[in-house]
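The structure file model.csv is reproduced below (CSV, C-alpha atoms).
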chain,number,residue,atom,x,y,z
A,1,MET,CA,0.0,0.0,0.0
A,2,LYS,CA,1.6,3.3,-1.2
A,3,ASN,CA,-0.5,5.6,1.1
A,4,GLU,CA,-0.8,8.3,-1.5
A,5,PHE,CA,-3.8,9.8,-3.1
A,6,PHE,CA,-5.0,12.6,-5.4
A,7,LEU,CA,-8.0,14.7,-4.3
A,8,ALA,CA,-10.8,15.5,-6.8
A,9,ASP,CA,-10.1,19.2,-7.1
A,10,ILE,CA,-8.5,22.2,-5.3
A,11,GLU,CA,-11.7,23.0,-3.5
A,12,THR,CA,-11.7,19.5,-2.0
A,13,ALA,CA,-8.1,20.0,-0.9
A,14,ALA,CA,-8.9,23.4,0.7
A,15,ASP,CA,-11.9,21.8,2.5
A,16,LEU,CA,-9.8,19.0,3.9
A,17,GLN,CA,-7.1,21.5,4.9
A,18,ALA,CA,-9.7,23.6,6.8
A,19,TYR,CA,-11.1,20.6,8.6
A,20,LEU,CA,-7.6,19.4,9.7
A,21,THR,CA,-6.7,23.0,10.8
A,22,ARG,CA,-9.7,23.0,13.1
A,23,ALA,CA,-8.8,19.5,14.4
A,24,LYS,CA,-5.3,20.7,15.2
A,25,ARG,CA,-6.7,23.6,17.3
A,26,LEU,CA,-8.6,21.0,19.4
A,27,ASP,CA,-5.6,18.7,19.6
A,28,PRO,CA,-2.4,20.5,18.8
A,29,ASN,CA,-0.3,17.3,18.7
A,30,GLY,CA,-3.0,15.2,17.2
A,31,LEU,CA,-3.0,12.5,14.5
A,32,VAL,CA,-5.4,11.9,11.7
A,33,ARG,CA,-6.4,8.4,10.4
A,34,LEU,CA,-6.8,8.4,6.7
A,35,ARG,CA,-8.6,5.5,5.0
A,36,ALA,CA,-9.6,4.9,1.4
A,37,TYR,CA,-10.5,1.8,-0.6
A,38,GLY,CA,-11.9,3.4,-3.8
A,39,GLU,CA,-12.8,7.0,-4.7
A,40,VAL,CA,-13.6,8.3,-1.2
A,41,LEU,CA,-11.1,9.3,1.5
A,42,ALA,CA,-12.2,9.1,5.2
A,43,ALA,CA,-10.3,11.3,7.6
A,44,TYR,CA,-10.8,10.5,11.3
A,45,VAL,CA,-9.5,12.6,14.2
A,46,ALA,CA,-9.8,12.2,18.0
A,47,PRO,CA,-10.2,15.5,19.7
A,48,ILE,CA,-11.4,13.8,22.9
A,49,PHE,CA,-10.0,10.4,23.9
A,50,ALA,CA,-9.6,8.9,27.4
A,51,GLY,CA,-6.1,7.7,26.6
A,52,SER,CA,-6.6,3.9,26.6
A,53,ILE,CA,-9.3,1.6,25.2
A,54,MET,CA,-9.5,0.1,28.7
A,55,GLU,CA,-10.5,3.4,30.4
A,56,ASN,CA,-14.1,4.6,30.9
A,57,GLY,CA,-13.5,8.2,29.9
A,58,PRO,CA,-15.2,9.8,26.8
A,59,THR,CA,-14.1,9.0,23.3
A,60,VAL,CA,-15.3,11.4,20.6
A,61,LEU,CA,-14.1,11.1,17.0
A,62,GLY,CA,-14.6,13.4,14.1
A,63,LEU,CA,-15.1,12.1,10.5
A,64,ARG,CA,-15.0,14.0,7.2
A,65,THR,CA,-15.0,12.4,3.8
A,66,CYS,CA,-13.5,13.7,0.6
A,67,ALA,CA,-13.8,12.7,-3.1
A,68,LEU,CA,-10.7,11.3,-4.8
A,69,ALA,CA,-9.9,11.9,-8.5
A,70,THR,CA,-8.8,8.3,-8.9
A,71,PRO,CA,-9.3,5.1,-6.8
A,72,ALA,CA,-6.7,4.7,-4.1
A,73,GLU,CA,-5.8,2.3,-1.2
A,74,VAL,CA,-4.9,4.2,1.9
A,75,GLU,CA,-4.5,3.2,5.5
A,76,ALA,CA,-2.4,5.6,7.5
A,77,LEU,CA,-2.2,7.3,10.9
A,78,VAL,CA,-0.1,10.4,10.6
A,79,GLU,CA,0.5,13.8,12.3
A,80,ILE,CA,-2.3,16.3,11.4
A,81,GLN,CA,0.3,19.0,10.7
A,82,SER,CA,2.1,16.8,8.2
A,83,VAL,CA,-1.0,16.5,6.1
A,84,ILE,CA,-1.8,20.2,6.4
A,85,ASP,CA,1.7,21.0,5.1
A,86,ARG,CA,1.3,18.7,2.1
A,87,LEU,CA,-2.1,20.2,1.3
A,88,ALA,CA,-0.6,23.7,1.5
A,89,ARG,CA,2.0,22.8,-1.2
A,90,VAL,CA,-0.7,21.3,-3.4
A,91,ILE,CA,-3.0,24.3,-3.0
A,92,ASP,CA,-0.3,26.8,-3.7
A,93,ALA,CA,0.8,25.0,-6.9
A,94,ASP,CA,0.1,26.8,-10.1
A,95,VAL,CA,-1.4,23.8,-11.9
A,96,TRP,CA,-3.7,21.1,-10.5
A,97,ASN,CA,-2.7,17.8,-12.0
A,98,PRO,CA,-2.4,14.2,-10.9
A,99,LYS,CA,1.4,14.1,-11.1
A,100,GLY,CA,2.1,17.3,-9.2
A,101,SER,CA,-0.9,17.2,-6.8
A,102,THR,CA,-0.6,13.7,-5.4
A,103,LEU,CA,-0.3,13.6,-1.6
A,104,VAL,CA,2.3,11.1,-0.5
A,105,LEU,CA,2.0,10.5,3.3
A,106,PRO,CA,4.8,10.0,5.8
A,107,GLU,CA,5.4,6.7,7.7
A,108,SER,CA,2.4,5.7,9.7
A,109,GLN,CA,2.4,6.0,13.5
A,110,ARG,CA,0.4,4.4,16.3
A,111,ALA,CA,-2.3,5.6,18.7
A,112,ALA,CA,-4.6,3.7,21.0
A,113,TRP,CA,-7.7,5.4,19.6
A,114,ALA,CA,-7.0,4.2,16.1
A,115,GLY,CA,-7.7,0.7,17.3
A,116,ILE,CA,-11.2,1.6,18.2
A,117,THR,CA,-13.7,0.7,15.5
A,118,PRO,CA,-17.2,2.2,15.8
A,119,PRO,CA,-20.0,0.2,14.1
A,120,ARG,CA,-20.2,0.5,10.3
A,121,SER,CA,-23.8,-0.6,10.1
A,122,GLY,CA,-26.9,-1.1,12.3
A,123,TRP,CA,-27.3,2.6,13.1
A,124,LEU,CA,-30.8,3.6,14.3
A,125,GLU,CA,-32.1,7.1,14.1
A,126,LEU,CA,-32.9,8.8,17.5
A,127,GLY,CA,-34.2,12.1,16.2
A,128,THR,CA,-32.4,15.5,15.7
A,129,LEU,CA,-30.7,18.2,17.7
A,130,SER,CA,-30.7,21.8,16.5
A,131,GLU,CA,-27.6,23.7,15.8
A,132,PRO,CA,-28.4,26.4,18.5
A,133,GLU,CA,-28.8,23.7,21.1
A,134,LEU,CA,-25.5,22.1,20.2
A,135,THR,CA,-23.7,25.4,20.0
A,136,GLN,CA,-24.9,26.4,23.4
A,137,ILE,CA,-24.0,23.0,25.0
A,138,ALA,CA,-20.5,23.4,23.6
A,139,LYS,CA,-20.2,27.0,24.9
A,140,ASP,CA,-21.4,26.0,28.4
A,141,GLY,CA,-19.0,23.1,28.4
A,142,ILE,CA,-16.0,25.3,27.5
A,143,GLU,CA,-17.0,27.7,30.3
A,144,GLU,CA,-17.3,24.9,32.8
A,145,VAL,CA,-13.9,23.5,31.9
A,146,ALA,CA,-12.4,27.0,32.3
A,147,ASP,CA,-14.2,27.7,35.6
A,148,THR,CA,-13.5,24.2,37.1
A,149,LEU,CA,-9.9,23.6,36.0
A,150,PRO,CA,-7.3,25.7,37.9
A,151,GLU,CA,-4.4,26.9,35.7
A,152,SER,CA,-1.9,25.2,37.9
A,153,VAL,CA,-3.5,21.8,37.5
A,154,GLY,CA,-2.2,19.5,34.8
A,155,GLY,CA,-1.7,15.8,33.9
A,156,PRO,CA,-4.1,13.1,35.1
A,157,ILE,CA,-6.2,15.5,37.3
A,158,ALA,CA,-6.9,17.8,34.4
A,159,ALA,CA,-7.7,14.9,32.1
A,160,ARG,CA,-10.1,13.5,34.7
A,161,ILE,CA,-11.9,16.9,35.1
A,162,ARG,CA,-12.3,17.3,31.4
A,163,GLY,CA,-13.4,13.7,31.0
A,164,GLU,CA,-16.2,14.2,33.6
A,165,ILE,CA,-17.5,17.3,31.8
A,166,TRP,CA,-17.2,16.1,28.2
A,167,GLY,CA,-18.5,12.6,29.1
A,168,ARG,CA,-21.7,13.9,30.8
A,169,ALA,CA,-25.0,13.3,29.0
A,170,ILE,CA,-26.8,16.3,27.6
A,171,GLU,CA,-30.3,17.0,28.8
A,172,GLN,CA,-31.9,16.7,25.3
A,173,ASN,CA,-30.7,13.1,24.8
A,174,PRO,CA,-29.2,10.9,27.6
A,175,ARG,CA,-27.1,8.9,25.1
A,176,VAL,CA,-25.2,11.9,23.7
A,177,PRO,CA,-22.2,13.2,25.7
A,178,THR,CA,-21.5,16.9,26.0
A,179,GLY,CA,-18.2,16.4,24.2
A,180,ALA,CA,-20.0,15.4,21.0
A,181,ALA,CA,-21.4,19.0,20.8
A,182,PHE,CA,-18.0,20.5,21.6
A,183,VAL,CA,-16.4,18.5,18.8
A,184,ALA,CA,-19.1,19.2,16.3
A,185,ALA,CA,-18.8,22.9,16.9
A,186,GLY,CA,-15.0,22.9,17.0
A,187,LEU,CA,-14.6,21.0,13.8
A,188,GLY,CA,-16.9,23.4,11.9
A,189,PHE,CA,-19.7,20.8,11.4
A,190,LEU,CA,-22.5,23.0,12.5
A,191,THR,CA,-24.4,25.3,10.1
A,192,GLU,CA,-26.6,28.0,11.5
A,193,ASN,CA,-30.1,26.7,12.4
A,194,GLU,CA,-29.4,23.3,10.9
A,195,ASN,CA,-31.0,20.2,12.4
A,196,VAL,CA,-28.4,17.5,13.1
A,197,GLN,CA,-29.4,13.9,12.8
A,198,VAL,CA,-28.7,11.7,15.8
A,199,TYR,CA,-28.1,7.9,15.5
A,200,GLU,CA,-27.1,5.1,17.9
A,201,ALA,CA,-25.6,1.6,17.4
A,202,GLU,CA,-24.5,-0.6,20.3
A,203,ASN,CA,-22.7,1.7,22.8
A,204,TRP,CA,-22.0,4.5,20.3
A,205,VAL,CA,-23.9,7.6,19.1
A,206,ARG,CA,-23.4,9.6,15.9
A,207,LEU,CA,-24.2,13.2,15.1
A,208,SER,CA,-24.4,13.7,11.3
A,209,SER,CA,-24.6,17.1,9.7
A,210,MET,CA,-24.1,18.5,6.2
A,211,HIS,CA,-20.4,18.9,6.9
A,212,GLY,CA,-19.3,15.8,8.8
A,213,HIS,CA,-19.9,13.3,11.5
A,214,VAL,CA,-19.1,13.1,15.2
A,215,ILE,CA,-19.0,9.5,16.5
A,216,ALA,CA,-18.8,9.1,20.3
A,217,ARG,CA,-19.1,6.5,23.0
A,218,ALA,CA,-22.6,6.9,24.6
A,219,ALA,CA,-22.7,9.0,27.7
A,220,THR,CA,-22.5,7.1,31.0
A,221,SER,CA,-23.0,9.9,33.5
A,222,PHE,CA,-25.5,12.6,34.1
A,223,ALA,CA,-25.4,16.2,35.5
Could you rewrite the structure in this file as C-alpha cells?
Amino acid sequence: MKNEFFLADIETAADLQAYLTRAKRLDPNGLVRLRAYGEVLAAYVAPIFAGSIMENGPTVLGLRTCALATPAEVEALVEIQSVIDRLARVIDADVWNPKGSTLVLPESQRAAWAGITPPRSGWLELGTLSEPELTQIAKDGIEEVADTLPESVGGPIAARIRGEIWGRAIEQNPRVPTGAAFVAAGLGFLTENENVQVYEAENWVRLSSMHGHVIARAATSFA
C-alpha cells in the first residue's frame, strides 16, 4: 500500500485543509487516520480520547469524507500537521494535475484510539438536535472547563476533570455526551439553524450534519 492519493479538485483540498486545521486547534499534537479503498477518502480525528481503550472516559471522534480523483488504497495514521503542510503545497501550486498534486503520506504512526472501530452498520435514528442547542452546549462546556480547572492543575487530574465534563450526558438526549457537541462545533460541522441527525448503534452515538460526522461512545454519567 503506497499511502498516496489525489484529491478530486483544489476545492476539496482546501476543505480538507480547513477541517484538519480545526482539528489541530482542538488537539495540537493530534493524529489523523486516513482510509480509502476506492474513490472516497475518510479522515478520522480524535479531539477527545480517554487515553486507553480500557479506560471509561469519553471518546469522541470526528469524521470528514472527501472525493478522490482516482481510486486509491490508503490506511495511515499520521500527524495532522504533516497533512496540512502537504495540502498547502498542493493548493499553492500553479497547476492542478495528478502528477504534481498527489499527496504522499509519511510513515504511519500508532495511537490507541486508532484501534477503536465504531460500528459500520446497524445505526438507528434517534431524532435530531438543533444547531443552536449544540452550540450552546459546547459553549457551556467550555466555560465549565475553564471555571473548574485551575491553571496550575495538569496531567491526570486535568484529564479527569475534562473527562467528567465532556462525558456527561446532555439534557436533550441521555445517550449523547457533552463532548460530542463540543467536537461538532470545534470541527466546523454546524451550520446556522441546521437540524443535526442523531443515531445510535451498540454503545455508540453519531451526530451527522451536512459537513461531517461526530462519533462518540454513549454517555455514561448525568449532571
Wanna dump the range 19-81 of chain A-range 157-181 of chain A contacts at 7 Å for me, each residue with its shortest atom pair and the distance in Å to one decimal, counting all atoms listed in the file, ordered by chain and number, as a Markdown table?
| residue | atom | partner | partner_atom | distance |
| --- | --- | --- | --- | --- |
| A:Gly57 | CA | A:Gly163 | CA | 5.6 |
| A:Pro58 | CA | A:Gly167 | CA | 4.9 |
| A:Val60 | CA | A:Ala180 | CA | 6.2 |
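Here CA of Gln136 in chain A and CA of Leu187 in chain A stand 15.1 Å from one another.
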Would you mind listing what lies within 8 Å of Ala72 in chain A as a short mmCIF file (atom, residue, chain, number, x, y, z; two decimals) with C-alpha atoms, in the frame of the given file, with all atoms listed in the file counted and same-chain residues fewer than 5 positions away left out?
data_model
loop_
_atom_site.label_atom_id
_atom_site.label_comp_id
_atom_site.auth_asym_id
_atom_site.auth_seq_id
_atom_site.Cartn_x
_atom_site.Cartn_y
_atom_site.Cartn_z
CA GLU A 4 -0.80 8.30 -1.50
CA PHE A 5 -3.80 9.80 -3.10
CA ALA A 36 -9.60 4.90 1.40
CA TYR A 37 -10.50 1.80 -0.60
CA GLY A 38 -11.90 3.40 -3.80
CA GLU A 39 -12.80 7.00 -4.70
#
Fewer than 4 positions away in the same chain doesn't count, so skip those; otherwise give me all residues within 12 Å of Leu16 in chain A, counting only C-alpha atoms, as a ChimeraX atom specification. /A:7-12,20-23,32,34,41-44,63-68,80,83-88,90-91,187-188,211-212
Keeping C-alpha atoms, export the residues of the selection given above as a PDB file, in the frame of the given file.
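Wrote again_3.pdb, looks like this:
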ATOM      1  CA  LEU A   7      -8.000  14.700  -4.300  1.00  0.00           C
ATOM      2  CA  ALA A   8     -10.800  15.500  -6.800  1.00  0.00           C
ATOM      3  CA  ASP A   9     -10.100  19.200  -7.100  1.00  0.00           C
ATOM      4  CA  ILE A  10      -8.500  22.200  -5.300  1.00  0.00           C
ATOM      5  CA  GLU A  11     -11.700  23.000  -3.500  1.00  0.00           C
ATOM      6  CA  THR A  12     -11.700  19.500  -2.000  1.00  0.00           C
ATOM      7  CA  LEU A  20      -7.600  19.400   9.700  1.00  0.00           C
ATOM      8  CA  THR A  21      -6.700  23.000  10.800  1.00  0.00           C
ATOM      9  CA  ARG A  22      -9.700  23.000  13.100  1.00  0.00           C
ATOM     10  CA  ALA A  23      -8.800  19.500  14.400  1.00  0.00           C
ATOM     11  CA  VAL A  32      -5.400  11.900  11.700  1.00  0.00           C
ATOM     12  CA  LEU A  34      -6.800   8.400   6.700  1.00  0.00           C
ATOM     13  CA  LEU A  41     -11.100   9.300   1.500  1.00  0.00           C
ATOM     14  CA  ALA A  42     -12.200   9.100   5.200  1.00  0.00           C
ATOM     15  CA  ALA A  43     -10.300  11.300   7.600  1.00  0.00           C
ATOM     16  CA  TYR A  44     -10.800  10.500  11.300  1.00  0.00           C
ATOM     17  CA  LEU A  63     -15.100  12.100  10.500  1.00  0.00           C
ATOM     18  CA  ARG A  64     -15.000  14.000   7.200  1.00  0.00           C
ATOM     19  CA  THR A  65     -15.000  12.400   3.800  1.00  0.00           C
ATOM     20  CA  CYS A  66     -13.500  13.700   0.600  1.00  0.00           C
ATOM     21  CA  ALA A  67     -13.800  12.700  -3.100  1.00  0.00           C
ATOM     22  CA  LEU A  68     -10.700  11.300  -4.800  1.00  0.00           C
ATOM     23  CA  ILE A  80      -2.300  16.300  11.400  1.00  0.00           C
ATOM     24  CA  VAL A  83      -1.000  16.500   6.100  1.00  0.00           C
ATOM     25  CA  ILE A  84      -1.800  20.200   6.400  1.00  0.00           C
ATOM     26  CA  ASP A  85       1.700  21.000   5.100  1.00  0.00           C
ATOM     27  CA  ARG A  86       1.300  18.700   2.100  1.00  0.00           C
ATOM     28  CA  LEU A  87      -2.100  20.200   1.300  1.00  0.00           C
ATOM     29  CA  ALA A  88      -0.600  23.700   1.500  1.00  0.00           C
ATOM     30  CA  VAL A  90      -0.700  21.300  -3.400  1.00  0.00           C
ATOM     31  CA  ILE A  91      -3.000  24.300  -3.000  1.00  0.00           C
ATOM     32  CA  LEU A 187     -14.600  21.000  13.800  1.00  0.00           C
ATOM     33  CA  GLY A 188     -16.900  23.400  11.900  1.00  0.00           C
ATOM     34  CA  HIS A 211     -20.400  18.900   6.900  1.00  0.00           C
ATOM     35  CA  GLY A 212     -19.300  15.800   8.800  1.00  0.00           C
TER      36      GLY A 212
END
In Å, with one decimal, what is the gap from CA of Ala46 in chain A to CA of Arg206 in chain A? 14.0 Å
